[in-house]
file final_21.txt (compact mmCIF, N, CA and C atoms)
# COMPACT_ATOMS: atom_id res chain seq x y z
N MET A 702 0.82 -1.20 0.00
CA MET A 702 0.00 0.00 0.00
C MET A 702 0.86 1.26 0.00
N ILE A 703 1.92 1.30 0.80
CA ILE A 703 2.79 2.47 0.87
C ILE A 703 3.46 2.71 -0.47
N LEU A 704 3.90 1.64 -1.14
CA LEU A 704 4.53 1.78 -2.46
C LEU A 704 3.57 2.40 -3.46
N PHE A 705 2.31 1.97 -3.43
CA PHE A 705 1.30 2.54 -4.33
C PHE A 705 1.11 4.02 -4.04
N GLU A 706 1.03 4.40 -2.76
CA GLU A 706 0.85 5.80 -2.38
C GLU A 706 2.03 6.65 -2.84
N MET A 707 3.25 6.12 -2.73
CA MET A 707 4.43 6.86 -3.18
C MET A 707 4.38 7.05 -4.70
N HIS A 708 3.98 6.00 -5.41
CA HIS A 708 3.88 6.08 -6.86
C HIS A 708 2.82 7.10 -7.26
N GLU A 709 1.68 7.06 -6.58
CA GLU A 709 0.59 8.00 -6.87
C GLU A 709 1.03 9.44 -6.58
N ASN A 710 1.76 9.65 -5.49
CA ASN A 710 2.26 10.97 -5.14
C ASN A 710 3.21 11.49 -6.22
N ALA A 711 4.11 10.63 -6.69
CA ALA A 711 5.05 11.02 -7.75
C ALA A 711 4.30 11.38 -9.03
N TYR A 712 3.27 10.61 -9.34
CA TYR A 712 2.46 10.88 -10.53
C TYR A 712 1.77 12.24 -10.40
N LEU A 713 1.18 12.51 -9.24
CA LEU A 713 0.49 13.79 -9.03
C LEU A 713 1.46 14.97 -9.09
N LEU A 714 2.66 14.80 -8.54
CA LEU A 714 3.65 15.88 -8.59
C LEU A 714 4.07 16.16 -10.04
N LYS A 715 4.22 15.11 -10.84
CA LYS A 715 4.56 15.30 -12.26
C LYS A 715 3.44 16.02 -13.00
N ARG A 716 2.20 15.61 -12.75
CA ARG A 716 1.06 16.24 -13.42
C ARG A 716 0.92 17.70 -12.99
N PHE A 717 1.11 17.97 -11.71
CA PHE A 717 1.05 19.33 -11.21
C PHE A 717 2.15 20.17 -11.86
N GLY A 718 3.35 19.61 -11.95
CA GLY A 718 4.47 20.32 -12.56
C GLY A 718 4.20 20.67 -14.01
N LYS A 719 3.60 19.75 -14.74
CA LYS A 719 3.25 20.00 -16.14
C LYS A 719 2.20 21.10 -16.23
N GLN A 720 1.22 21.07 -15.34
CA GLN A 720 0.18 22.10 -15.30
C GLN A 720 0.80 23.47 -15.03
N LEU A 721 1.72 23.52 -14.07
CA LEU A 721 2.41 24.78 -13.75
C LEU A 721 3.15 25.29 -14.98
N GLN A 722 3.86 24.41 -15.66
CA GLN A 722 4.62 24.80 -16.85
C GLN A 722 3.70 25.37 -17.93
N ILE A 723 2.55 24.77 -18.13
CA ILE A 723 1.60 25.25 -19.14
C ILE A 723 1.14 26.66 -18.79
N PHE A 724 0.72 26.87 -17.54
CA PHE A 724 0.27 28.21 -17.14
C PHE A 724 1.39 29.23 -17.24
N ARG A 725 2.60 28.86 -16.82
CA ARG A 725 3.74 29.79 -16.87
C ARG A 725 4.03 30.20 -18.31
N LYS A 726 4.04 29.24 -19.20
CA LYS A 726 4.34 29.53 -20.60
C LYS A 726 3.22 30.32 -21.27
N GLN A 727 1.97 30.08 -20.86
CA GLN A 727 0.87 30.87 -21.42
C GLN A 727 1.05 32.35 -21.12
N LEU A 728 1.63 32.64 -19.97
CA LEU A 728 1.87 34.04 -19.58
C LEU A 728 3.22 34.55 -20.08
N MET A 729 3.91 33.71 -20.86
CA MET A 729 5.21 34.07 -21.41
C MET A 729 6.22 34.44 -20.32
N LEU A 730 6.18 33.71 -19.22
CA LEU A 730 7.11 33.93 -18.12
C LEU A 730 8.22 32.90 -18.16
N SER A 731 9.43 33.34 -17.94
CA SER A 731 10.54 32.40 -17.77
C SER A 731 10.50 31.88 -16.34
N ARG A 732 11.27 30.87 -16.08
CA ARG A 732 11.36 30.37 -14.70
C ARG A 732 11.93 31.44 -13.79
N GLU A 733 12.87 32.22 -14.33
CA GLU A 733 13.46 33.31 -13.55
C GLU A 733 12.41 34.37 -13.21
N ASP A 734 11.56 34.70 -14.20
CA ASP A 734 10.49 35.68 -13.97
C ASP A 734 9.56 35.20 -12.86
N LEU A 735 9.14 33.95 -12.95
CA LEU A 735 8.24 33.40 -11.94
C LEU A 735 8.93 33.34 -10.58
N GLY A 736 10.21 33.03 -10.60
CA GLY A 736 10.97 33.00 -9.35
C GLY A 736 11.01 34.36 -8.68
N ARG A 737 11.22 35.41 -9.47
CA ARG A 737 11.24 36.76 -8.91
C ARG A 737 9.89 37.13 -8.29
N LYS A 738 8.81 36.68 -8.92
CA LYS A 738 7.47 37.01 -8.42
C LYS A 738 7.12 36.23 -7.15
N THR A 739 7.78 35.10 -6.94
CA THR A 739 7.42 34.23 -5.82
C THR A 739 8.48 34.15 -4.72
N GLY A 740 9.69 34.62 -5.02
CA GLY A 740 10.78 34.47 -4.06
C GLY A 740 11.48 33.12 -4.16
N LEU A 741 11.12 32.34 -5.17
CA LEU A 741 11.77 31.05 -5.40
C LEU A 741 12.90 31.23 -6.41
N THR A 742 13.76 30.25 -6.51
CA THR A 742 14.80 30.29 -7.53
C THR A 742 14.28 29.63 -8.81
N ALA A 743 14.96 29.90 -9.91
CA ALA A 743 14.60 29.25 -11.17
C ALA A 743 14.75 27.73 -11.03
N LYS A 744 15.73 27.28 -10.25
CA LYS A 744 15.94 25.85 -10.01
C LYS A 744 14.76 25.25 -9.24
N ASP A 745 14.23 26.01 -8.26
CA ASP A 745 13.04 25.54 -7.53
C ASP A 745 11.89 25.31 -8.50
N ILE A 746 11.66 26.30 -9.38
CA ILE A 746 10.57 26.20 -10.36
C ILE A 746 10.82 25.01 -11.29
N GLU A 747 12.06 24.86 -11.74
CA GLU A 747 12.41 23.74 -12.62
C GLU A 747 12.11 22.40 -11.94
N ASP A 748 12.49 22.28 -10.67
CA ASP A 748 12.24 21.03 -9.93
C ASP A 748 10.75 20.75 -9.79
N ILE A 749 9.97 21.79 -9.49
CA ILE A 749 8.53 21.60 -9.34
C ILE A 749 7.93 21.17 -10.68
N GLU A 750 8.34 21.85 -11.76
CA GLU A 750 7.81 21.50 -13.09
C GLU A 750 8.20 20.09 -13.51
N ALA A 751 9.37 19.63 -13.07
CA ALA A 751 9.83 18.28 -13.42
C ALA A 751 9.17 17.21 -12.56
N GLY A 752 8.47 17.65 -11.51
CA GLY A 752 7.83 16.69 -10.62
C GLY A 752 8.75 16.17 -9.54
N THR A 753 9.95 16.75 -9.43
CA THR A 753 10.89 16.31 -8.41
C THR A 753 10.86 17.20 -7.17
N GLY A 754 10.23 18.36 -7.28
CA GLY A 754 10.04 19.23 -6.13
C GLY A 754 8.73 18.88 -5.45
N ASP A 755 8.63 19.15 -4.18
CA ASP A 755 7.41 18.84 -3.43
C ASP A 755 6.95 20.13 -2.75
N PRO A 756 6.23 20.98 -3.48
CA PRO A 756 5.89 22.30 -2.95
C PRO A 756 4.90 22.24 -1.79
N THR A 757 5.10 23.13 -0.84
CA THR A 757 4.17 23.25 0.27
C THR A 757 2.93 24.02 -0.20
N LEU A 758 1.91 24.03 0.62
CA LEU A 758 0.71 24.81 0.29
C LEU A 758 1.03 26.29 0.19
N THR A 759 1.95 26.76 1.02
CA THR A 759 2.35 28.17 0.96
C THR A 759 2.98 28.48 -0.39
N ILE A 760 3.86 27.61 -0.85
CA ILE A 760 4.51 27.82 -2.15
C ILE A 760 3.49 27.74 -3.28
N ILE A 761 2.58 26.80 -3.20
CA ILE A 761 1.52 26.70 -4.22
C ILE A 761 0.70 27.98 -4.26
N SER A 762 0.39 28.53 -3.10
CA SER A 762 -0.36 29.79 -3.04
C SER A 762 0.42 30.94 -3.64
N LEU A 763 1.73 31.02 -3.35
CA LEU A 763 2.57 32.07 -3.92
C LEU A 763 2.63 31.97 -5.45
N ILE A 764 2.79 30.75 -5.94
CA ILE A 764 2.86 30.54 -7.39
C ILE A 764 1.52 30.91 -8.03
N ALA A 765 0.43 30.45 -7.44
CA ALA A 765 -0.90 30.76 -7.99
C ALA A 765 -1.10 32.27 -8.06
N GLU A 766 -0.76 32.97 -6.99
CA GLU A 766 -0.91 34.43 -6.97
C GLU A 766 -0.07 35.09 -8.07
N ALA A 767 1.16 34.61 -8.25
CA ALA A 767 2.04 35.17 -9.29
C ALA A 767 1.49 34.93 -10.69
N LEU A 768 0.71 33.86 -10.86
CA LEU A 768 0.12 33.52 -12.16
C LEU A 768 -1.31 34.06 -12.31
N ASN A 769 -1.74 34.85 -11.33
CA ASN A 769 -3.11 35.40 -11.31
C ASN A 769 -4.16 34.30 -11.34
N LEU A 770 -3.92 33.26 -10.57
CA LEU A 770 -4.85 32.13 -10.46
C LEU A 770 -5.19 31.92 -8.99
N SER A 771 -6.25 31.20 -8.76
CA SER A 771 -6.51 30.73 -7.39
C SER A 771 -5.72 29.44 -7.22
N PRO A 772 -5.37 29.09 -5.99
CA PRO A 772 -4.67 27.81 -5.79
C PRO A 772 -5.45 26.62 -6.37
N SER A 773 -6.78 26.66 -6.26
CA SER A 773 -7.57 25.53 -6.80
C SER A 773 -7.45 25.44 -8.31
N GLU A 774 -7.37 26.58 -9.00
CA GLU A 774 -7.19 26.55 -10.46
C GLU A 774 -5.84 25.94 -10.81
N LEU A 775 -4.82 26.30 -10.05
CA LEU A 775 -3.49 25.77 -10.31
C LEU A 775 -3.41 24.28 -9.98
N LEU A 776 -4.10 23.86 -8.95
CA LEU A 776 -4.06 22.46 -8.53
C LEU A 776 -4.93 21.55 -9.38
N HIS A 777 -5.86 22.11 -10.13
CA HIS A 777 -6.75 21.30 -10.96
C HIS A 777 -5.94 20.72 -12.11
N VAL A 778 -5.51 19.49 -11.96
CA VAL A 778 -4.70 18.82 -12.98
C VAL A 778 -5.63 18.33 -14.07
N LYS A 779 -5.42 18.83 -15.26
CA LYS A 779 -6.29 18.51 -16.38
C LYS A 779 -5.81 17.25 -17.09
N SER A 780 -6.72 16.61 -17.76
CA SER A 780 -6.36 15.41 -18.51
C SER A 780 -7.22 15.34 -19.77
N GLY A 781 -6.84 14.45 -20.65
CA GLY A 781 -7.63 14.21 -21.85
C GLY A 781 -7.88 15.47 -22.66
N ARG A 782 -9.16 15.75 -22.92
CA ARG A 782 -9.53 16.88 -23.75
C ARG A 782 -9.10 18.21 -23.15
N ASP A 783 -9.11 18.32 -21.81
CA ASP A 783 -8.66 19.56 -21.18
C ASP A 783 -7.21 19.85 -21.54
N SER A 784 -6.37 18.83 -21.52
CA SER A 784 -4.96 19.02 -21.88
C SER A 784 -4.82 19.44 -23.33
N GLU A 785 -5.61 18.82 -24.21
CA GLU A 785 -5.57 19.20 -25.62
C GLU A 785 -5.99 20.65 -25.79
N TYR A 786 -7.02 21.05 -25.07
CA TYR A 786 -7.49 22.43 -25.13
C TYR A 786 -6.39 23.40 -24.70
N HIS A 787 -5.71 23.09 -23.60
CA HIS A 787 -4.66 23.99 -23.12
C HIS A 787 -3.45 24.00 -24.06
N ALA A 788 -3.15 22.87 -24.68
CA ALA A 788 -2.06 22.84 -25.66
C ALA A 788 -2.42 23.71 -26.87
N TYR A 789 -3.67 23.59 -27.33
CA TYR A 789 -4.14 24.41 -28.45
C TYR A 789 -4.11 25.89 -28.07
N ARG A 790 -4.59 26.18 -26.88
CA ARG A 790 -4.62 27.57 -26.40
C ARG A 790 -3.21 28.15 -26.33
N PHE A 791 -2.25 27.36 -25.85
CA PHE A 791 -0.86 27.80 -25.76
C PHE A 791 -0.31 28.09 -27.16
N GLN A 792 -0.59 27.21 -28.12
CA GLN A 792 -0.12 27.43 -29.49
C GLN A 792 -0.72 28.71 -30.06
N LEU A 793 -1.99 28.94 -29.78
CA LEU A 793 -2.66 30.16 -30.25
C LEU A 793 -2.01 31.40 -29.65
N PHE A 794 -1.70 31.36 -28.35
CA PHE A 794 -1.01 32.48 -27.71
C PHE A 794 0.34 32.75 -28.37
N GLN A 795 1.07 31.68 -28.70
CA GLN A 795 2.36 31.85 -29.36
C GLN A 795 2.20 32.52 -30.72
N ILE A 796 1.22 32.09 -31.48
CA ILE A 796 0.98 32.68 -32.81
C ILE A 796 0.62 34.15 -32.67
N LEU A 797 -0.31 34.45 -31.77
CA LEU A 797 -0.74 35.84 -31.58
C LEU A 797 0.40 36.71 -31.08
N ASN A 798 1.24 36.17 -30.24
CA ASN A 798 2.37 36.93 -29.70
C ASN A 798 3.37 37.31 -30.79
N ASN A 799 3.45 36.51 -31.84
CA ASN A 799 4.40 36.76 -32.92
C ASN A 799 3.83 37.65 -34.03
N MET A 800 2.56 38.04 -33.91
CA MET A 800 1.93 38.87 -34.94
C MET A 800 2.17 40.35 -34.65
N SER A 801 2.27 41.13 -35.71
CA SER A 801 2.37 42.58 -35.55
C SER A 801 1.01 43.14 -35.16
N LYS A 802 0.99 44.40 -34.71
CA LYS A 802 -0.28 45.03 -34.35
C LYS A 802 -1.21 45.08 -35.55
N LYS A 803 -0.65 45.35 -36.72
CA LYS A 803 -1.46 45.42 -37.94
C LYS A 803 -2.08 44.06 -38.24
N GLU A 804 -1.27 43.00 -38.14
CA GLU A 804 -1.78 41.66 -38.40
C GLU A 804 -2.86 41.27 -37.39
N LEU A 805 -2.66 41.64 -36.12
CA LEU A 805 -3.67 41.36 -35.10
C LEU A 805 -4.98 42.07 -35.40
N LYS A 806 -4.88 43.34 -35.80
CA LYS A 806 -6.07 44.12 -36.11
C LYS A 806 -6.82 43.49 -37.28
N GLU A 807 -6.09 43.08 -38.32
CA GLU A 807 -6.71 42.45 -39.48
C GLU A 807 -7.37 41.12 -39.09
N ALA A 808 -6.71 40.35 -38.23
CA ALA A 808 -7.27 39.07 -37.80
C ALA A 808 -8.57 39.28 -37.02
N ILE A 809 -8.57 40.27 -36.14
CA ILE A 809 -9.78 40.57 -35.35
C ILE A 809 -10.90 41.03 -36.27
N GLN A 810 -10.57 41.88 -37.24
CA GLN A 810 -11.59 42.35 -38.17
C GLN A 810 -12.18 41.20 -38.97
N SER A 811 -11.34 40.27 -39.40
CA SER A 811 -11.85 39.14 -40.18
C SER A 811 -12.74 38.23 -39.33
N LEU A 812 -12.47 38.15 -38.04
CA LEU A 812 -13.33 37.35 -37.15
C LEU A 812 -14.68 38.02 -36.92
N ASN A 813 -14.72 39.33 -36.99
CA ASN A 813 -15.96 40.07 -36.75
C ASN A 813 -16.84 40.18 -37.99
N THR A 814 -16.37 39.72 -39.14
CA THR A 814 -17.19 39.83 -40.36
C THR A 814 -17.89 38.53 -40.67
call {"tool": "encode", "arguments": {"input": "final_21.txt", "output": "structure tokens"}}
result
Amino acid sequence: MILFEMHENAYLLKRFGKQLQIFRKQLMLSREDLGRKTGLTAKDIEDIEAGTGDPTLTIISLIAEALNLSPSELLHVKSGRDSEYHAYRFQLFQILNNMSKKELKEAIQSLNT
């Protein structure tokens, strides 16, 4: 039973780390940027994202606040279609971020017609 619980804990930490990475990248934040906002080091963020860090509730709250999320939003580990949605959303953010103001304006106008 203890071995199963350890395995489950490792799985949850990895899933949480992936979720954190998705939210961080959606906001175009580097690990260093997030570290400055939370008081953590870039290495701390890297460890949490890799699933090898074990963040306390206080750290989870600090990270959530830095990402403009509630702790429950950050802790909600998505799967299946939710993950696909967030991957699509991240790709869309990357595309929009690389567009000029003129291109963005034209894209918005074409969506409104």
call {"tool": "atom_distance", "arguments": {"input": "final_21.txt", "atom1": "CA of Pro772 (chain A)", "atom2": "CA of Phe794 (chain A)"}}
result
22.7 Å
call {"tool": "closest_residue", "arguments": {"input": "final_21.txt", "among": "A:Leu763, A:Asn798, A:Arg732, A:Leu721", "to": "Leu775 (chain A)", "atoms": "all atoms listed in the file"}}
result
A:Leu721
call {"tool": "closest_residue", "arguments": {"input": "final_21.txt", "among": "A:Leu730, A:Ile749, A:Leu735, A:Met800", "to": "Lys715 (chain A)", "atoms": "only N, CA and C atoms"}}
result
A:Ile749
call {"tool": "residues_near_point", "arguments": {"input": "final_21.txt", "point": "(15.6, 25.8, -5.1)", "cutoff": "12 Å", "atoms": "only C-alpha atoms", "output": "PyMOL selection string"}}
result
chain A and resi 732-733+736+739-750+753-756+760
call {"tool": "atom_distance", "arguments": {"input": "final_21.txt", "atom1": "atom N of Ile764 (chain A)", "atom2": "atom C of Lys738 (chain A)"}}
result
7.1 Å
call {"tool": "atom_distance", "arguments": {"input": "final_21.txt", "atom1": "atom C of Leu776 (chain A)", "atom2": "atom N of Leu793 (chain A)"}}
result
21.9 Å
call {"tool": "residues_around", "arguments": {"input": "final_21.txt", "residues": "Arg716 (chain A)", "least_positions_apart": "2", "cutoff": "10 Å", "atoms": "only C-alpha atoms", "output": "PDB file with N, CA and C atoms, keeping the file's coordinate frame"}}
result
ATOM      1  N   ASN A 710       1.760   9.650  -5.490  1.00  0.00           N
ATOM      2  CA  ASN A 710       2.260  10.970  -5.140  1.00  0.00           C
ATOM      3  C   ASN A 710       3.210  11.490  -6.220  1.00  0.00           C
ATOM      4  N   ALA A 711       4.110  10.630  -6.690  1.00  0.00           N
ATOM      5  CA  ALA A 711       5.050  11.020  -7.750  1.00  0.00           C
ATOM      6  C   ALA A 711       4.300  11.380  -9.030  1.00  0.00           C
ATOM      7  N   TYR A 712       3.270  10.610  -9.340  1.00  0.00           N
ATOM      8  CA  TYR A 712       2.460  10.880 -10.530  1.00  0.00           C
ATOM      9  C   TYR A 712       1.770  12.240 -10.400  1.00  0.00           C
ATOM     10  N   LEU A 713       1.180  12.510  -9.240  1.00  0.00           N
ATOM     11  CA  LEU A 713       0.490  13.790  -9.030  1.00  0.00           C
ATOM     12  C   LEU A 713       1.460  14.970  -9.090  1.00  0.00           C
ATOM     13  N   LEU A 714       2.660  14.800  -8.540  1.00  0.00           N
ATOM     14  CA  LEU A 714       3.650  15.880  -8.590  1.00  0.00           C
ATOM     15  C   LEU A 714       4.070  16.160 -10.040  1.00  0.00           C
ATOM     16  N   GLY A 718       3.350  19.610 -11.950  1.00  0.00           N
ATOM     17  CA  GLY A 718       4.470  20.320 -12.560  1.00  0.00           C
ATOM     18  C   GLY A 718       4.200  20.670 -14.010  1.00  0.00           C
ATOM     19  N   LYS A 719       3.600  19.750 -14.740  1.00  0.00           N
ATOM     20  CA  LYS A 719       3.250  20.000 -16.140  1.00  0.00           C
ATOM     21  C   LYS A 719       2.200  21.100 -16.230  1.00  0.00           C
ATOM     22  N   GLN A 720       1.220  21.070 -15.340  1.00  0.00           N
ATOM     23  CA  GLN A 720       0.180  22.100 -15.300  1.00  0.00           C
ATOM     24  C   GLN A 720       0.800  23.470 -15.030  1.00  0.00           C
ATOM     25  N   LEU A 721       1.720  23.520 -14.070  1.00  0.00           N
ATOM     26  CA  LEU A 721       2.410  24.780 -13.750  1.00  0.00           C
ATOM     27  C   LEU A 721       3.150  25.290 -14.980  1.00  0.00           C
ATOM     28  N   GLN A 722       3.860  24.410 -15.660  1.00  0.00           N
ATOM     29  CA  GLN A 722       4.620  24.800 -16.850  1.00  0.00           C
ATOM     30  C   GLN A 722       3.700  25.370 -17.930  1.00  0.00           C
ATOM     31  N   GLU A 750       8.340  21.850 -11.760  1.00  0.00           N
ATOM     32  CA  GLU A 750       7.810  21.500 -13.090  1.00  0.00           C
ATOM     33  C   GLU A 750       8.200  20.090 -13.510  1.00  0.00           C
ATOM     34  N   ALA A 751       9.370  19.630 -13.070  1.00  0.00           N
ATOM     35  CA  ALA A 751       9.830  18.280 -13.420  1.00  0.00           C
ATOM     36  C   ALA A 751       9.170  17.210 -12.560  1.00  0.00           C
ATOM     37  N   GLY A 752       8.470  17.650 -11.510  1.00  0.00           N
ATOM     38  CA  GLY A 752       7.830  16.690 -10.620  1.00  0.00           C
ATOM     39  C   GLY A 752       8.750  16.170  -9.540  1.00  0.00           C
ATOM     40  N   LEU A 776      -4.100  23.860  -8.950  1.00  0.00           N
ATOM     41  CA  LEU A 776      -4.060  22.460  -8.530  1.00  0.00           C
ATOM     42  C   LEU A 776      -4.930  21.550  -9.380  1.00  0.00           C
ATOM     43  N   HIS A 777      -5.860  22.110 -10.130  1.00  0.00           N
ATOM     44  CA  HIS A 777      -6.750  21.300 -10.960  1.00  0.00           C
ATOM     45  C   HIS A 777      -5.940  20.720 -12.110  1.00  0.00           C
ATOM     46  N   VAL A 778      -5.510  19.490 -11.960  1.00  0.00           N
ATOM     47  CA  VAL A 778      -4.700  18.820 -12.980  1.00  0.00           C
ATOM     48  C   VAL A 778      -5.630  18.330 -14.070  1.00  0.00           C
ATOM     49  N   LYS A 779      -5.420  18.830 -15.260  1.00  0.00           N
ATOM     50  CA  LYS A 779      -6.290  18.510 -16.380  1.00  0.00           C
ATOM     51  C   LYS A 779      -5.810  17.250 -17.090  1.00  0.00           C
ATOM     52  N   SER A 780      -6.720  16.610 -17.760  1.00  0.00           N
ATOM     53  CA  SER A 780      -6.360  15.410 -18.510  1.00  0.00           C
ATOM     54  C   SER A 780      -7.220  15.340 -19.770  1.00  0.00           C
TER      55      SER A 780
END
